[in-house]
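Accompanying notes for the structure given below.
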Amino acid sequence: MSQVNQTISAEEAILSRHSVRKYERDVVIPEAELNEILSLAHSAPSSWNLQHWRFLVIQEQANKDRLLPIAFNQQQVSDASVVVVVLGDLEANLIAPKVYESATQEIRDMMVGQINGAYQNNPAVARDEAIRNASLAAMQLMLAARAKGYDTVPMGGYNPQALIEEFKIPARYVPVMLLPIGKAANPARATERLPLDNVVINESF
């Protein structure tokens, strides 16, 4: 069973978050704690507030083991407490009326029209927004987990089509990444970062 974790500051969560690939097996994250992590992730920003992310939460050992060949036998998907499959909604525009149901009729009509126009006029919008906004939620999920004393690793190394077929993911949703969550079996290794001057461009190139 997991131990009681002490919440840490946002700065500590950011600076102590490192990708962990070896996890203590059989650590259980209490349901209330996992739901709190997911709720914090769900507070991420999104374009038009459409909340494009969906979290497919996999905790049962048999189901984590089904992921193993899909993730090219990367053991962390089997050993971690939970694997969250972060999905992006390709049809997020369809929930716009619900998102704006408390707005005035004028604002609701304006926003729904704007959103549908963007989705209909540019085929790339649906996929771009699904991936962009689900990625924001994924990052927030990793920081929320770290703040609660858990470790994560964002994974792009898996077979998306096999994942879709094995877990019957509807065509509406695009897999964005796998996110194992658990307790590190070994201390995470900090990675180097380029100097700030290498990544910050002031005003213009």
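So you can find residues: chains in the structure tokens are A, B, ... in the order shown, residues in each start at 1, and ligands are numbered from 1 in order.
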
Could you give me, as a list in words, the residues within 7 Å of range 43-58 of chain A, counting only C-alpha atoms and dropping anything in the same chain fewer than 3 positions from it?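 Surrounding residues, per the criterion: Ser39, Leu40, Asn63, Lys64, Val82, Val83, Val84, Val85, Val86, Leu87, Gly88, Asp89, Ala92, Ile95, Ala96, Val99, Ala130, Asn133, Ala134, Leu136, Ala137 and Gln140 of chain A.
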
If you take only C-alpha atoms and a cut-off of 10 Å, which residues of range 124-186 of chain A touch range 107-119 of chain A, and what are their nearest atom pairs and distances in Å to one decimal, in chain and number order, as a tab-separated table?
residue	atom	partner	partner_atom	distance
A:Ala124	CA	A:Tyr119	CA	8.1
A:Val125	CA	A:Tyr119	CA	5.7
A:Ala126	CA	A:Tyr119	CA	6.0
A:Arg127	CA	A:Tyr119	CA	9.7
A:Glu129	CA	A:Tyr119	CA	9.6

Deliver the residues from the most recent selection as a file, using N, CA and C atoms, as an mmCIF file, in the first residue's frame.
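Output saved as again-v2.cif:
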data_model
loop_
_atom_site.group_PDB
_atom_site.id
_atom_site.type_symbol
_atom_site.label_atom_id
_atom_site.label_comp_id
_atom_site.auth_asym_id
_atom_site.auth_seq_id
_atom_site.Cartn_x
_atom_site.Cartn_y
_atom_site.Cartn_z
ATOM 1 N N ALA A 124 -7.256 20.540 -40.129
ATOM 2 C CA ALA A 124 -6.153 20.303 -39.194
ATOM 3 C C ALA A 124 -6.488 20.753 -37.776
ATOM 4 N N VAL A 125 -7.487 21.611 -37.634
ATOM 5 C CA VAL A 125 -7.797 22.179 -36.320
ATOM 6 C C VAL A 125 -8.144 21.085 -35.310
ATOM 7 N N ALA A 126 -8.973 20.133 -35.705
ATOM 8 C CA ALA A 126 -9.438 19.116 -34.762
ATOM 9 C C ALA A 126 -8.273 18.348 -34.153
ATOM 10 N N ARG A 127 -7.345 17.872 -34.985
ATOM 11 C CA ARG A 127 -6.215 17.098 -34.475
ATOM 12 C C ARG A 127 -5.228 17.987 -33.713
ATOM 13 N N GLU A 129 -5.762 20.781 -32.088
ATOM 14 C CA GLU A 129 -6.305 21.189 -30.794
ATOM 15 C C GLU A 129 -6.405 20.003 -29.830
#

Quick one: DSSP helix (DSSP H, G or I) residues in chain A, as a ChimeraX atom specification? /A:10-16,31-42,47-49,61-70,76-79,92-99,105-121,124-147,160-166,196-199

At a cut-off of 12 Å, using only C-alpha atoms, what residues contact Ala185 in chain A? Leave out same-chain residues fewer than 5 positions from it and give the result as a list in words. Val20, Arg21, Lys22, Tyr23, Glu24, Arg25, Asp26, Val27, Gln76, Asp79, Ala80, Ser81, Tyr150, Asp151 and Thr152 of chain A

Can I get the selection written as a compact mmCIF listing (two decimals), in the first residue's frame, with N, CA and C atoms?
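Written file, selection25.txt:
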# COMPACT_ATOMS: atom_id res chain seq x y z
N VAL A 20 10.68 8.69 -14.69
CA VAL A 20 11.03 7.47 -13.97
C VAL A 20 10.57 6.27 -14.78
N ARG A 21 11.48 5.32 -14.99
CA ARG A 21 11.17 4.14 -15.80
C ARG A 21 11.19 2.84 -15.00
N LYS A 22 11.56 2.92 -13.73
CA LYS A 22 11.52 1.73 -12.87
C LYS A 22 10.68 2.05 -11.64
N TYR A 23 9.63 1.25 -11.44
CA TYR A 23 8.67 1.52 -10.37
C TYR A 23 8.60 0.37 -9.38
N GLU A 24 8.26 0.72 -8.13
CA GLU A 24 7.95 -0.29 -7.14
C GLU A 24 6.63 -0.96 -7.54
N ARG A 25 6.69 -2.26 -7.63
CA ARG A 25 5.49 -3.00 -8.04
C ARG A 25 4.54 -3.15 -6.85
N ASP A 26 3.27 -3.23 -7.13
CA ASP A 26 2.22 -3.49 -6.13
C ASP A 26 1.98 -2.32 -5.18
N VAL A 27 2.40 -1.11 -5.55
CA VAL A 27 2.04 0.08 -4.78
C VAL A 27 0.65 0.54 -5.24
N GLN A 76 7.80 -0.45 -17.38
CA GLN A 76 7.13 0.51 -16.48
C GLN A 76 5.61 0.47 -16.60
N ASP A 79 4.67 -2.30 -14.15
CA ASP A 79 5.06 -2.14 -12.75
C ASP A 79 4.45 -0.93 -12.07
N ALA A 80 4.14 0.13 -12.81
CA ALA A 80 3.59 1.35 -12.21
C ALA A 80 2.24 1.07 -11.58
N SER A 81 1.85 1.91 -10.64
CA SER A 81 0.56 1.74 -9.96
C SER A 81 -0.60 1.92 -10.92
N TYR A 150 4.32 11.18 -6.06
CA TYR A 150 4.42 10.09 -7.03
C TYR A 150 5.29 10.51 -8.22
N ASP A 151 5.73 9.52 -8.95
CA ASP A 151 6.57 9.76 -10.11
C ASP A 151 5.84 9.35 -11.38
N THR A 152 6.30 9.88 -12.51
CA THR A 152 5.66 9.63 -13.80
C THR A 152 6.72 9.56 -14.89

Mind checking which residues fall within 10 Å of Gln161 in chain A, counting only C-alpha atoms, ignoring those fewer than 4 positions away in the same chain, and posting them as a list in words? Ile70, Glu165, Glu166, Ile169, Val174 and Pro175 of chain A

Can you write just those residues out, N, CA, C and O atoms, as an mmCIF file, in the first residue's frame?
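Contents of out19.cif, freshly written:
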data_model
loop_
_atom_site.group_PDB
_atom_site.id
_atom_site.type_symbol
_atom_site.label_atom_id
_atom_site.label_comp_id
_atom_site.auth_asym_id
_atom_site.auth_seq_id
_atom_site.Cartn_x
_atom_site.Cartn_y
_atom_site.Cartn_z
ATOM 1 N N ILE A 70 2.070 -3.632 -26.407
ATOM 2 C CA ILE A 70 1.693 -2.419 -27.141
ATOM 3 C C ILE A 70 2.736 -1.335 -26.940
ATOM 4 O O ILE A 70 3.027 -0.545 -27.840
ATOM 5 N N GLU A 165 -7.162 -0.649 -30.796
ATOM 6 C CA GLU A 165 -7.880 -1.909 -30.994
ATOM 7 C C GLU A 165 -8.029 -2.692 -29.694
ATOM 8 O O GLU A 165 -9.107 -3.210 -29.380
ATOM 9 N N GLU A 166 -6.958 -2.765 -28.918
ATOM 10 C CA GLU A 166 -6.978 -3.586 -27.704
ATOM 11 C C GLU A 166 -7.920 -3.033 -26.646
ATOM 12 O O GLU A 166 -8.601 -3.773 -25.936
ATOM 13 N N ILE A 169 -10.827 1.949 -28.150
ATOM 14 C CA ILE A 169 -10.919 3.406 -28.081
ATOM 15 C C ILE A 169 -11.709 3.916 -29.295
ATOM 16 O O ILE A 169 -11.342 3.618 -30.434
ATOM 17 N N VAL A 174 -7.946 10.484 -30.147
ATOM 18 C CA VAL A 174 -6.603 10.182 -30.641
ATOM 19 C C VAL A 174 -5.678 9.974 -29.439
ATOM 20 O O VAL A 174 -5.648 10.805 -28.527
ATOM 21 N N PRO A 175 -4.931 8.867 -29.390
ATOM 22 C CA PRO A 175 -3.972 8.681 -28.309
ATOM 23 C C PRO A 175 -2.869 9.736 -28.384
ATOM 24 O O PRO A 175 -2.291 9.980 -29.452
#

May I ask for the distance between CA of Leu196 in chain A and CA of Glu12 in chain A, given in Å to one decimal place?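 Distance between the two atoms: 19.4 Å.
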
Rounded to one decimal in Å, what is the spacing between CA of Ala41 in chain A and CA of Pro97 in chain A?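 Between these atoms lies a distance of 22.8 Å.
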
Would you mind listing what lies within 8 Å of Phe72 in chain A as a PyMOL selection string, with only C-alpha atoms counted and same-chain residues fewer than 3 positions away left out? chain A and resi 68-69+157-159

Taking all heavy atoms for each residue, export the selection above as a short mmCIF file (atom, residue, chain, number, x, y, z; two decimals), in the first residue's frame.
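The resulting file, part-v5.cif, is reproduced below:
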data_model
loop_
_atom_site.label_atom_id
_atom_site.label_comp_id
_atom_site.auth_asym_id
_atom_site.auth_seq_id
_atom_site.Cartn_x
_atom_site.Cartn_y
_atom_site.Cartn_z
N LEU A 68 1.70 -4.08 -22.17
CA LEU A 68 3.14 -4.32 -22.28
C LEU A 68 3.61 -4.51 -23.73
O LEU A 68 4.51 -3.80 -24.18
CB LEU A 68 3.51 -5.52 -21.40
CG LEU A 68 4.97 -5.64 -20.97
CD1 LEU A 68 5.49 -4.36 -20.33
CD2 LEU A 68 5.12 -6.82 -20.00
N PRO A 69 3.02 -5.42 -24.49
CA PRO A 69 3.48 -5.55 -25.89
C PRO A 69 3.15 -4.33 -26.74
O PRO A 69 3.89 -3.98 -27.66
CB PRO A 69 2.74 -6.79 -26.40
CG PRO A 69 1.56 -6.94 -25.49
CD PRO A 69 2.00 -6.43 -24.16
N GLY A 157 6.42 6.04 -26.91
CA GLY A 157 6.85 4.79 -27.53
C GLY A 157 5.83 3.68 -27.35
O GLY A 157 5.90 2.89 -26.39
N TYR A 158 4.87 3.63 -28.22
CA TYR A 158 3.85 2.58 -28.20
C TYR A 158 3.20 2.52 -29.58
O TYR A 158 3.39 3.41 -30.41
CB TYR A 158 2.80 2.86 -27.12
CG TYR A 158 2.04 4.15 -27.30
CD1 TYR A 158 0.82 4.19 -27.98
CD2 TYR A 158 2.55 5.36 -26.81
CE1 TYR A 158 0.14 5.38 -28.17
CE2 TYR A 158 1.88 6.55 -26.98
CZ TYR A 158 0.67 6.56 -27.66
OH TYR A 158 0.01 7.74 -27.85
N ASN A 159 2.44 1.48 -29.81
CA ASN A 159 1.76 1.29 -31.09
C ASN A 159 0.34 1.85 -30.97
O ASN A 159 -0.53 1.22 -30.36
CB ASN A 159 1.72 -0.20 -31.43
CG ASN A 159 1.09 -0.48 -32.79
OD1 ASN A 159 0.17 0.22 -33.20
ND2 ASN A 159 1.57 -1.50 -33.47
#

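Closest approach to Tyr173 in chain A from the set A:Ala188, A:Leu143, A:Val200, A:Ile131 is made by A:Ile131, with distances taken over only C-alpha atoms.
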
Residue nearest Arg172 in chain A - candidates A:Gln105, A:Asn93, A:Thr191, A:Ser78, atoms counted: only C-alpha atoms: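 Going through A:Gln105, A:Asn93, A:Thr191, A:Ser78 one by one, the smallest distance to Arg172 in chain A is for A:Asn93.
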
CA of Gly149 in chain A to CA of Phe167 in chain A, distance in Å rounded to a single decimal: 28.8 Å

Name the closest residue to Gln74 in chain A among the candidates A:Met177, A:Ala62, A:Leu163, A:Met155; distances are taken between atoms, counting only C-alpha atoms. A:Met155

From range 7-179 of chain A, collect each residue whose DSSP state is strand (DSSP E or B) and return the set as a VMD selection string. chain A and resid 19 23 53 to 58 82 to 89 151 to 152 155 173 to 179

Could you take the residues named above and write them with C-alpha atoms, as a PDB file, in the first residue's frame?
ATOM      1  CA  SER A  19      11.035  10.750 -15.890  1.00  0.00           C
ATOM      2  CA  TYR A  23       8.671   1.516 -10.372  1.00  0.00           C
ATOM      3  CA  TRP A  53      -8.548  15.567 -22.859  1.00  0.00           C
ATOM      4  CA  ARG A  54      -9.899  12.200 -21.803  1.00  0.00           C
ATOM      5  CA  PHE A  55      -8.107   9.988 -19.282  1.00  0.00           C
ATOM      6  CA  LEU A  56      -8.291   6.233 -19.808  1.00  0.00           C
ATOM      7  CA  VAL A  57      -7.168   5.001 -16.376  1.00  0.00           C
ATOM      8  CA  ILE A  58      -5.682   1.506 -16.247  1.00  0.00           C
ATOM      9  CA  VAL A  82      -1.539   3.291 -12.702  1.00  0.00           C
ATOM     10  CA  VAL A  83      -1.164   3.988 -16.401  1.00  0.00           C
ATOM     11  CA  VAL A  84      -3.167   6.937 -17.679  1.00  0.00           C
ATOM     12  CA  VAL A  85      -3.732   6.880 -21.418  1.00  0.00           C
ATOM     13  CA  VAL A  86      -4.116  10.539 -22.338  1.00  0.00           C
ATOM     14  CA  LEU A  87      -6.506  10.955 -25.257  1.00  0.00           C
ATOM     15  CA  GLY A  88      -7.424  14.003 -27.304  1.00  0.00           C
ATOM     16  CA  ASP A  89     -10.988  14.642 -28.448  1.00  0.00           C
ATOM     17  CA  ASP A 151       6.573   9.760 -10.114  1.00  0.00           C
ATOM     18  CA  THR A 152       5.658   9.626 -13.795  1.00  0.00           C
ATOM     19  CA  MET A 155       5.620   7.834 -23.115  1.00  0.00           C
ATOM     20  CA  TYR A 173     -10.267  10.061 -29.619  1.00  0.00           C
ATOM     21  CA  VAL A 174      -6.603  10.182 -30.641  1.00  0.00           C
ATOM     22  CA  PRO A 175      -3.972   8.681 -28.309  1.00  0.00           C
ATOM     23  CA  VAL A 176      -1.560  11.408 -27.194  1.00  0.00           C
ATOM     24  CA  MET A 177       0.686   9.608 -24.695  1.00  0.00           C
ATOM     25  CA  LEU A 178       0.883   6.969 -21.982  1.00  0.00           C
ATOM     26  CA  LEU A 179       1.567   8.222 -18.451  1.00  0.00           C
TER      27      LEU A 179
END
